[in-house]
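Trainee: What follows is a structure written as structure tokens; I'll ask about it next.
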Amino acid sequence: MTISGSLLNAYSGLTAAARAAETVAQNVANVATDGYGRREIELQSASVGGRGAGVRVTGVFRRVDMGLIAARQQADAQSGSASLRATAFARIESNLGVPGQAGSLSDGITRLETALASAGSRPDLPVRQQTVLYAARDLVALVNGLSDDTQSMRVEADDDIAESVANLNQGLSDIQRLNQDIRLQIGAGRDPNGLLDQRQVLVDRIAALVPLKTLQRDNGQIALISTSGAVLLDGSAAVFDFTATRQITPDMTLASGALSGLTMNGKPATIGGAGLLEGGTLAALFTIRDQIAPNASAQIDAFARNLIERFEDPAIDPTVLAGAPGLFTDAGAALDTGLEVGLAQRLSLNSAVDPDQGGLLSRLRDGLGAVTTGDVGDASILAAFSDALATGRATLSGSSADRVLSAAELANAITSENGAARLDADEKQSFAAGRAQEFRASELEGGVDTDQEMQNLLLVEKSYAANARVISTADQMLQTLLEL
Amino acid sequence: MSFVSIGDLSSHFRMRYFNTQLKQQAESLGAQMATGKVTDLTKAVGGDFAGFSALSRSVAMIAAYQQNATEVATRADVTQGVLQVLQSLSETASPAYQGAAISASNPSVSTNARDATAGLETAFGALNTDIGGQYLFAGLASDTPPLGSAAQLLDQLEALTATETTAGGVATVLESFLQDPGGGYETLIYQGSDQSATAVRISETETAALNVTAFQSDIRDVLQGFALAALVDRGVLASSLTEQAKLMGHASERLSRGAAEMVDIAAEIGGIQNRTEMVQVRNQAQKNSFQLILNGLEQADPYETATAFQAAQTQLEALYISTARLSQLSLTRYLG
């Protein structure tokens, strides 16, 4: 009996060695796979009725450090969010430009001022008035474009939110399904590791959108709770709803109801701040759509308003009637302070001076309401235009409100404010990115190490050879017995 | 940190991250070297463009002001030239006409009278000077010559003085025609604007205004002086040589007054010329110093950049070497 016992023991050893080799092969094959948890085989000596019965494979387990993974997921969410915000500010900054750079807001004002100064010296020369016209037109186009682009940012953010919400819903429902599959696998005693790998990848994706905590439930299932307490998945997945808005104008806000918010299981979910879904890229997209871009838009609107106001001063141009629009208009009309939202998109050059709109170039010199050509040497209105831009004037709206600034100083205030915000966002991003990178590297340290797998393989080889030797020896011994 | 094994992906990931970082750094420094300008100006000024923007604007505005100042200076120079002409004409003519008045001889009077006609035409021509279409003595209507022709003036005056018999009478008629507000000169002869040119901005704080037009009474004095004498050439008061001689006397007086007035105006214009020149010098100095400061802020020191670039390059090479070496450290290579 002992000889057949040793045969069986050796046979169990062979099986264990084969399983171990399979594990090594699995690990080595997946050395570069994302989301793969290193497989480790656990062996236990078996005994039947007090006597040794070889070796038993208790199971192949997936070794991951859940703490590190959780930390890495949160760092990724933060890094993604910081990166989106930094990109938003960088985009606004590249639109605004920096002083001295051609095409920047500051440069637009300076060009207009220098053109007016030159025209003031030779008011009889149409070519100088033309330079003023081009500078004014370009400034208007620049302001229009700035506002248009902030609205584009909002549309893009809105679109991205819709996509993220779709991904979120899909991911949660996939994880719910995988939970069930894993439960079934474990219940049937089979190896659920492959499914666990898949589920890990899905959770990673959702964790970037909404930072979350993973809680273990029975039978290998997990529950997902957002870091601020909303239950994303516990048994059944939460369903999120969001409607994209195709075209967004400056007056459309979340508060006005024109833009969609996020609903979770039919109830409104507050985003960001102390809301249910703070942190992560989803909240960052909402911030871009509802705070960052609208703030920039409001700044540009305030600038447009200030520009229009400067030229509506009745002391500048005696040919302009009270209440009539000045050099810059709100789509042809005078300024209405109640309609400041979106003003930057409607800013226009008074058609009276624009030959392309049926006006006369000489009206820059003779006055907007001039019917006949005046004295060609009269630069008084041109000089008044110059003063209008250069004089300090109380800013009546935007974040520079109540500061007395010239047009160039106001342009600079806007540029500086955004520049400081961008630098701050950059710093936060580089900090968050560095942190995420560190956690990821630490997490990967627990991954597959081919050197260790090779060493294990050496052991497996030896064990296999030794067990095979035992079998052949036991077999010989039995043969000897049978030949008696 | 595990002490049993370290995953392969971990060092791979770290190397990749460092590679990206260093490459980004090297690229940014490379761009800085190529353009000579700091790649991130916002960072260089710490997010506050107040000083930079003000300096940048000033540099651009000063360039425009300098051009204006040059134009003003040119106009002033040409104006001075005209005033010189008027002054020297008057200064030469006045004693000559006085001489004719005293001698009261026919040849002297008629020669000087002819001379006066020529003098008047010269004066008209001078006052009608333009620089590239901009008439200097026409005030705001700088696209129109300020005066018609000398002949037109003499025609008008001849008609008006046809009935006069005394020099005093003729003088009164001319005085009224040329000097009365709304009189003949203003309505029939002077074609420009009664307002002188607008002040031109030549620096952030200063303007310059060349306030000389042919509308002014002192310019009219010179014209009046020559006209008085030129009428004799037209045959006014032909009946009496004495009266004609007296008229020459009036002309001489008027021209002597005119000459002195031309000196005064010239002094004024000279003052403007001096001030403009000073402003130009000051503007240039300001522009240079502002530009230096701007350069300091926005230009990257080439030596510093080159050094940093070389350091990044060296680091990148070191990273490549360590990546290559680490990837060779694998047990797999040593197993038969």
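Each chain in the structure tokens gets a letter, A, B and so on, in the order shown; residues start at 1 in every chain, and ligands are counted from 1 in the order they appear.
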Please provide as a list in words all residues within 10 Å of stretch 294-301 of chain B, with the sequence filter that same-chain residues fewer than 5 positions apart are discarded (counting only C-alpha atoms).

Mentor: Gly100 of chain A; Leu29, Gln32, Met33, Thr35, Gly36, Lys37, Val38, Thr39, Asp40, Leu41, Thr42, Ala44, Val45, Gly51, Phe52, Ser53, Leu55, Ser56, Val59, Asn288, Ser289 and Ala306 of chain B

Trainee: Store the residues of this selection in a file with N, CA and C atoms, as a PDB file, in the first residue's frame.

Mentor:
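Now in out01.pdb:
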```
ATOM      1  N   GLY A 100       2.330  92.576 -26.215  1.00  0.00           N
ATOM      2  CA  GLY A 100       3.456  92.629 -27.123  1.00  0.00           C
ATOM      3  C   GLY A 100       3.361  91.572 -28.213  1.00  0.00           C
TER       4      GLY A 100
ATOM      5  N   LEU B  29      13.502  73.973 -23.790  1.00  0.00           N
ATOM      6  CA  LEU B  29      14.758  74.721 -23.806  1.00  0.00           C
ATOM      7  C   LEU B  29      15.251  74.928 -25.231  1.00  0.00           C
ATOM      8  N   GLN B  32      13.423  77.689 -26.732  1.00  0.00           N
ATOM      9  CA  GLN B  32      13.897  78.930 -26.142  1.00  0.00           C
ATOM     10  C   GLN B  32      15.192  79.370 -26.803  1.00  0.00           C
ATOM     11  N   MET B  33      16.064  78.408 -27.075  1.00  0.00           N
ATOM     12  CA  MET B  33      17.342  78.746 -27.721  1.00  0.00           C
ATOM     13  C   MET B  33      17.108  79.261 -29.127  1.00  0.00           C
ATOM     14  N   THR B  35      14.335  80.657 -30.518  1.00  0.00           N
ATOM     15  CA  THR B  35      13.653  81.941 -30.668  1.00  0.00           C
ATOM     16  C   THR B  35      14.319  83.049 -29.868  1.00  0.00           C
ATOM     17  N   GLY B  36      15.124  82.681 -28.886  1.00  0.00           N
ATOM     18  CA  GLY B  36      15.739  83.703 -28.051  1.00  0.00           C
ATOM     19  C   GLY B  36      14.788  84.266 -27.024  1.00  0.00           C
ATOM     20  N   LYS B  37      13.527  83.798 -27.055  1.00  0.00           N
ATOM     21  CA  LYS B  37      12.556  84.335 -26.105  1.00  0.00           C
ATOM     22  C   LYS B  37      12.164  83.249 -25.113  1.00  0.00           C
ATOM     23  N   VAL B  38      11.794  83.696 -23.929  1.00  0.00           N
ATOM     24  CA  VAL B  38      11.313  82.775 -22.915  1.00  0.00           C
ATOM     25  C   VAL B  38      10.061  82.074 -23.443  1.00  0.00           C
ATOM     26  N   THR B  39       9.985  80.734 -23.252  1.00  0.00           N
ATOM     27  CA  THR B  39       8.829  80.035 -23.817  1.00  0.00           C
ATOM     28  C   THR B  39       7.553  80.352 -23.056  1.00  0.00           C
ATOM     29  N   ASP B  40       7.648  80.521 -21.769  1.00  0.00           N
ATOM     30  CA  ASP B  40       6.447  80.800 -21.000  1.00  0.00           C
ATOM     31  C   ASP B  40       6.595  82.181 -20.355  1.00  0.00           C
ATOM     32  N   LEU B  41       6.130  83.203 -21.073  1.00  0.00           N
ATOM     33  CA  LEU B  41       6.289  84.573 -20.583  1.00  0.00           C
ATOM     34  C   LEU B  41       5.458  84.797 -19.327  1.00  0.00           C
ATOM     35  N   THR B  42       4.275  84.160 -19.281  1.00  0.00           N
ATOM     36  CA  THR B  42       3.405  84.320 -18.112  1.00  0.00           C
ATOM     37  C   THR B  42       4.143  83.895 -16.859  1.00  0.00           C
ATOM     38  N   ALA B  44       7.400  83.781 -16.513  1.00  0.00           N
ATOM     39  CA  ALA B  44       8.538  84.673 -16.278  1.00  0.00           C
ATOM     40  C   ALA B  44       8.112  85.927 -15.519  1.00  0.00           C
ATOM     41  N   VAL B  45       6.896  86.438 -15.776  1.00  0.00           N
ATOM     42  CA  VAL B  45       6.454  87.636 -15.054  1.00  0.00           C
ATOM     43  C   VAL B  45       5.611  87.284 -13.846  1.00  0.00           C
ATOM     44  N   GLY B  51       3.441  95.677 -15.420  1.00  0.00           N
ATOM     45  CA  GLY B  51       4.612  96.430 -15.854  1.00  0.00           C
ATOM     46  C   GLY B  51       4.939  96.164 -17.305  1.00  0.00           C
ATOM     47  N   PHE B  52       4.940  94.904 -17.672  1.00  0.00           N
ATOM     48  CA  PHE B  52       5.314  94.511 -19.024  1.00  0.00           C
ATOM     49  C   PHE B  52       4.392  95.139 -20.051  1.00  0.00           C
ATOM     50  N   SER B  53       3.084  95.083 -19.764  1.00  0.00           N
ATOM     51  CA  SER B  53       2.117  95.586 -20.720  1.00  0.00           C
ATOM     52  C   SER B  53       2.255  97.104 -20.877  1.00  0.00           C
ATOM     53  N   LEU B  55       4.969  98.930 -20.424  1.00  0.00           N
ATOM     54  CA  LEU B  55       6.197  99.219 -21.158  1.00  0.00           C
ATOM     55  C   LEU B  55       6.037  98.911 -22.634  1.00  0.00           C
ATOM     56  N   SER B  56       5.419  97.783 -22.912  1.00  0.00           N
ATOM     57  CA  SER B  56       5.242  97.367 -24.296  1.00  0.00           C
ATOM     58  C   SER B  56       4.405  98.386 -25.052  1.00  0.00           C
ATOM     59  N   VAL B  59       6.408 101.624 -25.674  1.00  0.00           N
ATOM     60  CA  VAL B  59       7.365 101.515 -26.770  1.00  0.00           C
ATOM     61  C   VAL B  59       6.660 101.725 -28.106  1.00  0.00           C
ATOM     62  N   ASN B 288      14.531 103.526 -25.576  1.00  0.00           N
ATOM     63  CA  ASN B 288      15.667 102.624 -25.402  1.00  0.00           C
ATOM     64  C   ASN B 288      15.653 101.954 -24.046  1.00  0.00           C
ATOM     65  N   SER B 289      15.410 102.746 -23.000  1.00  0.00           N
ATOM     66  CA  SER B 289      15.462 102.141 -21.670  1.00  0.00           C
ATOM     67  C   SER B 289      14.297 101.180 -21.461  1.00  0.00           C
ATOM     68  N   ALA B 306      21.605  77.637 -22.946  1.00  0.00           N
ATOM     69  CA  ALA B 306      22.476  76.619 -23.525  1.00  0.00           C
ATOM     70  C   ALA B 306      22.977  75.671 -22.443  1.00  0.00           C
TER      71      ALA B 306
END
```

Trainee: Taking 5 positions as the minimum chain separation for residues in the same chain, which residues sit within 8 Å of B:Asn68 when counting only C-alpha atoms? Answer as a ChimeraX atom specification.

Mentor: /A:117-118,121 /B:200-202

Trainee: Let's have the selection written as a PDB file, in the first residue's frame, with C-alpha atoms.

Mentor:
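Wrote selection.pdb, looks like this:
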```
ATOM      1  CA  ALA A 117      -2.030 108.943 -32.799  1.00  0.00           C
ATOM      2  CA  SER A 118      -0.648 108.803 -36.347  1.00  0.00           C
ATOM      3  CA  SER A 121      -0.845 114.144 -37.036  1.00  0.00           C
TER       4      SER A 121
ATOM      5  CA  VAL B 200      -0.407 117.077 -32.688  1.00  0.00           C
ATOM      6  CA  ARG B 201       0.583 114.661 -29.949  1.00  0.00           C
ATOM      7  CA  ILE B 202       4.347 114.186 -29.895  1.00  0.00           C
TER       8      ILE B 202
END
```

Trainee: Would you kindly return, as a PyMOL selection string, each protein, DNA or RNA residue with an atom no farther than 12 Å from any atom of stretch 166-172 of chain A, considering only C-alpha atoms and excluding same-chain residues fewer than 3 positions away?

Mentor: chain A and resi 159-163+175-179+198-211+222-225+231-244+262-265+281-282

Trainee: Hey, which bits of chain B sit within 8 Å of chain A, and for each residue what's the closest pair of atoms and how far apart in Å (one decimal), counting only C-alpha atoms, rows by chain and increasing number, as a tab-separated table?

Mentor:
```
residue	atom	partner	partner_atom	distance
B:Met1	CA	A:Ser442	CA	7.3
B:Ser2	CA	A:Gly446	CA	6.8
B:Ser5	CA	A:Asp449	CA	6.2
B:Ile6	CA	A:Glu445	CA	4.7
B:Gly7	CA	A:Gly447	CA	4.2
B:Asp8	CA	A:Asp449	CA	5.1
B:Leu9	CA	A:Leu444	CA	5.8
B:Ser10	CA	A:Leu444	CA	4.5
B:Ser11	CA	A:Ala441	CA	7.4
B:Phe13	CA	A:Ala441	CA	6.5
B:Arg14	CA	A:Ala441	CA	6.3
B:Tyr17	CA	A:Gln437	CA	7.7
B:Leu41	CA	A:Val98	CA	7.7
B:Thr42	CA	A:Gly419	CA	6.0
B:Lys43	CA	A:Leu423	CA	6.8
B:Gly46	CA	A:Ala420	CA	7.2
B:Gly47	CA	A:Ala420	CA	4.3
B:Asp48	CA	A:Ser416	CA	5.0
B:Phe49	CA	A:Ser416	CA	5.5
B:Ala50	CA	A:Asn412	CA	6.3
B:Phe52	CA	A:Pro99	CA	7.2
B:Ser53	CA	A:Pro99	CA	5.2
B:Ala54	CA	A:Glu409	CA	7.6
B:Ser56	CA	A:Gly100	CA	5.8
B:Arg57	CA	A:Thr110	CA	5.9
B:Ala60	CA	A:Thr114	CA	7.0
B:Met61	CA	A:Thr114	CA	5.6
B:Ala64	CA	A:Thr114	CA	5.8
B:Tyr65	CA	A:Ala117	CA	7.1
B:Gln67	CA	A:Ser118	CA	7.6
B:Asn68	CA	A:Ser121	CA	5.7
B:Glu71	CA	A:Ser121	CA	7.6
B:Val72	CA	A:Ser121	CA	7.9
B:Gln134	CA	A:Asp124	CA	7.7
B:Gly139	CA	A:Gly377	CA	7.1
B:Leu140	CA	A:Gly377	CA	4.1
B:Ala141	CA	A:Asp375	CA	4.9
B:Ser142	CA	A:Gly377	CA	5.4
B:Asp143	CA	A:Val376	CA	6.6
B:Ser193	CA	A:Asp375	CA	7.7
B:Ala197	CA	A:Gly377	CA	6.1
B:Thr198	CA	A:Ala379	CA	5.7
B:Ala199	CA	A:Ala379	CA	8.0
B:Val200	CA	A:Ser121	CA	5.3
B:Arg201	CA	A:Ala117	CA	6.9
B:Ser330	CA	A:Asp451	CA	6.2
B:Leu331	CA	A:Asp451	CA	5.2
B:Thr332	CA	A:Met454	CA	6.6
```

Trainee: In Å, with one decimal, what is the gap from atom CA of A:Gln185 to atom CA of A:Thr58?

Mentor: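 Between atom CA of A:Gln185 and atom CA of A:Thr58 the gap works out to 15.8 Å.
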
Trainee: Taking the chain letters and numbering used in this document, name the residues of stretch 119-156 of chain B that DSSP puts in helix (DSSP H, G or I), as a list in words.

Mentor: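 After running DSSP on the backbone, stretch 119-156 of chain B has helix (DSSP H, G or I) at Gly119, Leu120, Glu121, Thr122, Ala123, Phe124, Gly125, Ala126, Leu127, Ala150, Ala151, Gln152, Leu153, Leu154, Asp155 and Gln156 of chain B.
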
Trainee: Write out the residues from the selection above, keeping all heavy atoms, as an mmCIF file, in the first residue's frame.

Mentor:
```cif
data_model
loop_
_atom_site.group_PDB
_atom_site.id
_atom_site.type_symbol
_atom_site.label_atom_id
_atom_site.label_comp_id
_atom_site.auth_asym_id
_atom_site.auth_seq_id
_atom_site.Cartn_x
_atom_site.Cartn_y
_atom_site.Cartn_z
ATOM 1 N N GLY B 119 7.056 141.350 -55.590
ATOM 2 C CA GLY B 119 7.131 140.967 -54.182
ATOM 3 C C GLY B 119 5.842 140.337 -53.701
ATOM 4 O O GLY B 119 5.853 139.324 -52.974
ATOM 5 N N LEU B 120 4.705 140.924 -54.098
ATOM 6 C CA LEU B 120 3.415 140.379 -53.690
ATOM 7 C C LEU B 120 3.225 138.973 -54.232
ATOM 8 O O LEU B 120 2.756 138.069 -53.522
ATOM 9 C CB LEU B 120 2.286 141.296 -54.176
ATOM 10 C CG LEU B 120 0.891 140.939 -53.630
ATOM 11 C CD1 LEU B 120 0.860 141.134 -52.121
ATOM 12 C CD2 LEU B 120 -0.182 141.778 -54.302
ATOM 13 N N GLU B 121 3.600 138.776 -55.504
ATOM 14 C CA GLU B 121 3.464 137.439 -56.094
ATOM 15 C C GLU B 121 4.329 136.428 -55.368
ATOM 16 O O GLU B 121 3.898 135.302 -55.109
ATOM 17 C CB GLU B 121 3.827 137.493 -57.584
ATOM 18 C CG GLU B 121 2.650 137.938 -58.433
ATOM 19 C CD GLU B 121 3.052 138.367 -59.836
ATOM 20 O OE1 GLU B 121 4.232 138.129 -60.205
ATOM 21 O OE2 GLU B 121 2.207 138.936 -60.536
ATOM 22 N N THR B 122 5.569 136.841 -55.022
ATOM 23 C CA THR B 122 6.454 135.949 -54.270
ATOM 24 C C THR B 122 5.820 135.576 -52.924
ATOM 25 O O THR B 122 5.818 134.410 -52.519
ATOM 26 C CB THR B 122 7.819 136.607 -54.019
ATOM 27 O OG1 THR B 122 8.304 137.147 -55.242
ATOM 28 C CG2 THR B 122 8.804 135.577 -53.479
ATOM 29 N N ALA B 123 5.278 136.626 -52.250
ATOM 30 C CA ALA B 123 4.661 136.375 -50.941
ATOM 31 C C ALA B 123 3.498 135.407 -51.060
ATOM 32 O O ALA B 123 3.355 134.471 -50.269
ATOM 33 C CB ALA B 123 4.195 137.697 -50.325
ATOM 34 N N PHE B 124 2.646 135.617 -52.068
ATOM 35 C CA PHE B 124 1.526 134.704 -52.278
ATOM 36 C C PHE B 124 2.028 133.280 -52.515
ATOM 37 O O PHE B 124 1.509 132.312 -51.972
ATOM 38 C CB PHE B 124 0.697 135.164 -53.501
ATOM 39 C CG PHE B 124 -0.511 135.983 -53.126
ATOM 40 C CD1 PHE B 124 -0.352 137.196 -52.447
ATOM 41 C CD2 PHE B 124 -1.777 135.555 -53.434
ATOM 42 C CE1 PHE B 124 -1.452 137.949 -52.101
ATOM 43 C CE2 PHE B 124 -2.893 136.314 -53.104
ATOM 44 C CZ PHE B 124 -2.735 137.516 -52.428
ATOM 45 N N GLY B 125 3.034 133.166 -53.380
ATOM 46 C CA GLY B 125 3.585 131.849 -53.685
ATOM 47 C C GLY B 125 4.112 131.166 -52.434
ATOM 48 O O GLY B 125 3.882 129.978 -52.204
ATOM 49 N N ALA B 126 4.842 131.957 -51.626
ATOM 50 C CA ALA B 126 5.406 131.387 -50.398
ATOM 51 C C ALA B 126 4.311 130.898 -49.461
ATOM 52 O O ALA B 126 4.395 129.807 -48.894
ATOM 53 C CB ALA B 126 6.282 132.420 -49.705
ATOM 54 N N LEU B 127 3.266 131.725 -49.327
ATOM 55 C CA LEU B 127 2.193 131.341 -48.410
ATOM 56 C C LEU B 127 1.400 130.145 -48.925
ATOM 57 O O LEU B 127 0.755 129.430 -48.149
ATOM 58 C CB LEU B 127 1.264 132.536 -48.168
ATOM 59 C CG LEU B 127 1.872 133.628 -47.280
ATOM 60 C CD1 LEU B 127 1.013 134.883 -47.318
ATOM 61 C CD2 LEU B 127 2.020 133.139 -45.857
ATOM 62 N N ALA B 150 -2.050 136.632 -56.660
ATOM 63 C CA ALA B 150 -1.815 138.034 -56.323
ATOM 64 C C ALA B 150 -2.605 138.944 -57.264
ATOM 65 O O ALA B 150 -3.149 139.977 -56.854
ATOM 66 C CB ALA B 150 -0.320 138.327 -56.422
ATOM 67 N N ALA B 151 -2.706 138.534 -58.484
ATOM 68 C CA ALA B 151 -3.439 139.328 -59.478
ATOM 69 C C ALA B 151 -4.880 139.535 -59.075
ATOM 70 O O ALA B 151 -5.434 140.626 -59.219
ATOM 71 C CB ALA B 151 -3.361 138.644 -60.837
ATOM 72 N N GLN B 152 -5.501 138.450 -58.516
ATOM 73 C CA GLN B 152 -6.895 138.554 -58.083
ATOM 74 C C GLN B 152 -7.042 139.656 -57.046
ATOM 75 O O GLN B 152 -7.971 140.472 -57.107
ATOM 76 C CB GLN B 152 -7.359 137.241 -57.451
ATOM 77 C CG GLN B 152 -7.822 136.203 -58.448
ATOM 78 C CD GLN B 152 -8.110 134.879 -57.755
ATOM 79 O OE1 GLN B 152 -7.476 134.537 -56.751
ATOM 80 N NE2 GLN B 152 -9.045 134.138 -58.296
ATOM 81 N N LEU B 153 -6.108 139.659 -56.054
ATOM 82 C CA LEU B 153 -6.167 140.661 -54.998
ATOM 83 C C LEU B 153 -6.039 142.052 -55.587
ATOM 84 O O LEU B 153 -6.823 142.964 -55.276
ATOM 85 C CB LEU B 153 -5.041 140.409 -53.979
ATOM 86 C CG LEU B 153 -4.895 141.455 -52.879
ATOM 87 C CD1 LEU B 153 -6.151 141.489 -52.017
ATOM 88 C CD2 LEU B 153 -3.687 141.186 -52.011
ATOM 89 N N LEU B 154 -5.064 142.218 -56.484
ATOM 90 C CA LEU B 154 -4.833 143.543 -57.055
ATOM 91 C C LEU B 154 -6.022 143.983 -57.908
ATOM 92 O O LEU B 154 -6.394 145.162 -57.902
ATOM 93 C CB LEU B 154 -3.534 143.545 -57.868
ATOM 94 C CG LEU B 154 -2.273 143.459 -57.003
ATOM 95 C CD1 LEU B 154 -1.027 143.342 -57.874
ATOM 96 C CD2 LEU B 154 -2.169 144.674 -56.085
ATOM 97 N N ASP B 155 -6.622 143.015 -58.616
ATOM 98 C CA ASP B 155 -7.816 143.367 -59.413
ATOM 99 C C ASP B 155 -8.892 143.948 -58.509
ATOM 100 O O ASP B 155 -9.467 145.008 -58.784
ATOM 101 C CB ASP B 155 -8.385 142.130 -60.120
ATOM 102 C CG ASP B 155 -7.513 141.682 -61.287
ATOM 103 O OD1 ASP B 155 -6.691 142.507 -61.758
ATOM 104 O OD2 ASP B 155 -7.670 140.518 -61.729
ATOM 105 N N GLN B 156 -9.189 143.223 -57.416
ATOM 106 C CA GLN B 156 -10.226 143.679 -56.488
ATOM 107 C C GLN B 156 -9.910 145.073 -55.971
ATOM 108 O O GLN B 156 -10.756 145.977 -55.981
ATOM 109 C CB GLN B 156 -10.280 142.725 -55.278
ATOM 110 C CG GLN B 156 -10.788 141.344 -55.581
ATOM 111 C CD GLN B 156 -12.305 141.345 -55.678
ATOM 112 O OE1 GLN B 156 -12.965 142.232 -55.119
ATOM 113 N NE2 GLN B 156 -12.847 140.400 -56.403
#
```

Trainee: What does the distance from atom CA of B:Ile272 to atom CA of B:Glu91 come to in Å, to one decimal?

Mentor: 24.2 Å

Trainee: Neighbouring residues of B:Val212 were defined as those with any atom within 8 Å, considering only C-alpha atoms; residues of the same chain fewer than 4 positions away were excluded. Please report them as a PyMOL selection string.

Mentor: chain B and resi 136-137+139+196+216+265

Trainee: If you count only C-alpha atoms, which residues fall within 10 Å of A:Gln345, apart from same-chain ones fewer than 2 positions away, as a list in words?

Mentor: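 Using only C-alpha atoms, the neighbours found are Val140, Ala141, Leu142, Val143, Asn144, Gly145, Leu146, Ser147, Asp148, Gln151, Thr249, Pro250, Ser297, Ile300, Asp301, Ala304, Asp330, Ala331, Val341, Gly342, Leu343, Leu347 and Ser348 of chain A.
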
Trainee: To one decimal in Å, tell me the separation between atom CA of A:Leu7 and atom CA of A:Ile471.

Mentor: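 That distance, rounded to one decimal, is 5.6 Å.
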
Trainee: Extract, using only C-alpha atoms, all DNA, RNA and protein residues at most 12 Å from A:Ile186, discarding same-chain residues fewer than 2 positions from it, and format them as a list in words.

Mentor: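 In the requested format, the answer is Gly59, Asn179, Gln180, Asp181, Ile182, Arg183, Leu184, Ala188, Gly189, Arg190, Asp191, Pro192, Asn193, Leu195, Leu196, Asp218, Asn219, Gly220 and Gln221 of chain A.
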
Trainee: Emit the selected residues as a CSV table (one decimal), in the first residue's frame, including N, CA, C and O atoms.

Mentor:
```
chain,number,residue,atom,x,y,z
A,59,GLY,N,-5.3,26.9,-4.2
A,59,GLY,CA,-5.9,27.8,-5.2
A,59,GLY,C,-4.9,28.7,-5.8
A,59,GLY,O,-3.7,28.8,-5.3
A,179,ASN,N,-19.9,41.4,-11.5
A,179,ASN,CA,-20.1,40.9,-10.1
A,179,ASN,C,-20.8,39.6,-10.0
A,179,ASN,O,-20.5,38.7,-9.3
A,180,GLN,N,-21.9,39.5,-10.8
A,180,GLN,CA,-22.7,38.3,-10.8
A,180,GLN,C,-21.9,37.1,-11.3
A,180,GLN,O,-21.9,36.0,-10.7
A,181,ASP,N,-21.2,37.4,-12.4
A,181,ASP,CA,-20.4,36.3,-13.0
A,181,ASP,C,-19.4,35.8,-12.0
A,181,ASP,O,-19.2,34.6,-11.9
A,182,ILE,N,-18.7,36.7,-11.3
A,182,ILE,CA,-17.7,36.3,-10.3
A,182,ILE,C,-18.3,35.5,-9.2
A,182,ILE,O,-17.8,34.5,-8.8
A,183,ARG,N,-19.5,36.0,-8.8
A,183,ARG,CA,-20.2,35.2,-7.7
A,183,ARG,C,-20.5,33.8,-8.1
A,183,ARG,O,-20.2,32.8,-7.4
A,184,LEU,N,-20.9,33.6,-9.4
A,184,LEU,CA,-21.2,32.3,-9.9
A,184,LEU,C,-20.0,31.4,-10.0
A,184,LEU,O,-20.0,30.3,-9.6
A,188,ALA,N,-19.3,28.1,-8.0
A,188,ALA,CA,-19.0,26.8,-8.6
A,188,ALA,C,-17.6,26.3,-8.4
A,188,ALA,O,-17.2,25.3,-8.9
A,189,GLY,N,-16.8,27.0,-7.6
A,189,GLY,CA,-15.5,26.5,-7.2
A,189,GLY,C,-14.5,26.8,-8.3
A,189,GLY,O,-13.4,26.2,-8.3
A,190,ARG,N,-14.8,27.6,-9.3
A,190,ARG,CA,-13.8,27.8,-10.4
A,190,ARG,C,-13.0,29.1,-10.2
A,190,ARG,O,-13.3,29.8,-9.2
A,191,ASP,N,-12.0,29.3,-11.1
A,191,ASP,CA,-11.1,30.4,-10.9
A,191,ASP,C,-11.7,31.7,-11.5
A,191,ASP,O,-11.9,31.8,-12.7
A,192,PRO,N,-11.9,32.7,-10.6
A,192,PRO,CA,-12.5,33.9,-11.1
A,192,PRO,C,-11.5,35.0,-11.4
A,192,PRO,O,-11.9,36.1,-11.7
A,193,ASN,N,-10.2,34.6,-11.4
A,193,ASN,CA,-9.1,35.7,-11.5
A,193,ASN,C,-9.2,36.5,-12.8
A,193,ASN,O,-9.0,37.7,-12.8
A,195,LEU,N,-11.8,37.3,-14.5
A,195,LEU,CA,-12.9,38.2,-14.4
A,195,LEU,C,-12.6,39.3,-13.5
A,195,LEU,O,-12.9,40.5,-13.7
A,196,LEU,N,-11.8,39.0,-12.4
A,196,LEU,CA,-11.4,40.0,-11.5
A,196,LEU,C,-10.5,41.1,-12.2
A,196,LEU,O,-10.6,42.3,-11.9
A,218,ASP,N,-19.8,40.0,-0.2
A,218,ASP,CA,-19.6,38.5,-0.2
A,218,ASP,C,-19.3,38.0,-1.6
A,218,ASP,O,-19.7,38.6,-2.6
A,219,ASN,N,-18.7,36.9,-1.6
A,219,ASN,CA,-18.5,36.1,-2.8
A,219,ASN,C,-17.8,36.9,-3.9
A,219,ASN,O,-18.1,36.8,-5.1
A,220,GLY,N,-16.8,37.7,-3.5
A,220,GLY,CA,-16.0,38.3,-4.5
A,220,GLY,C,-16.7,39.6,-5.2
A,220,GLY,O,-16.1,40.2,-6.1
A,221,GLN,N,-17.9,39.9,-4.7
A,221,GLN,CA,-18.5,41.1,-5.3
A,221,GLN,C,-18.0,42.4,-4.6
A,221,GLN,O,-17.4,42.3,-3.6
```
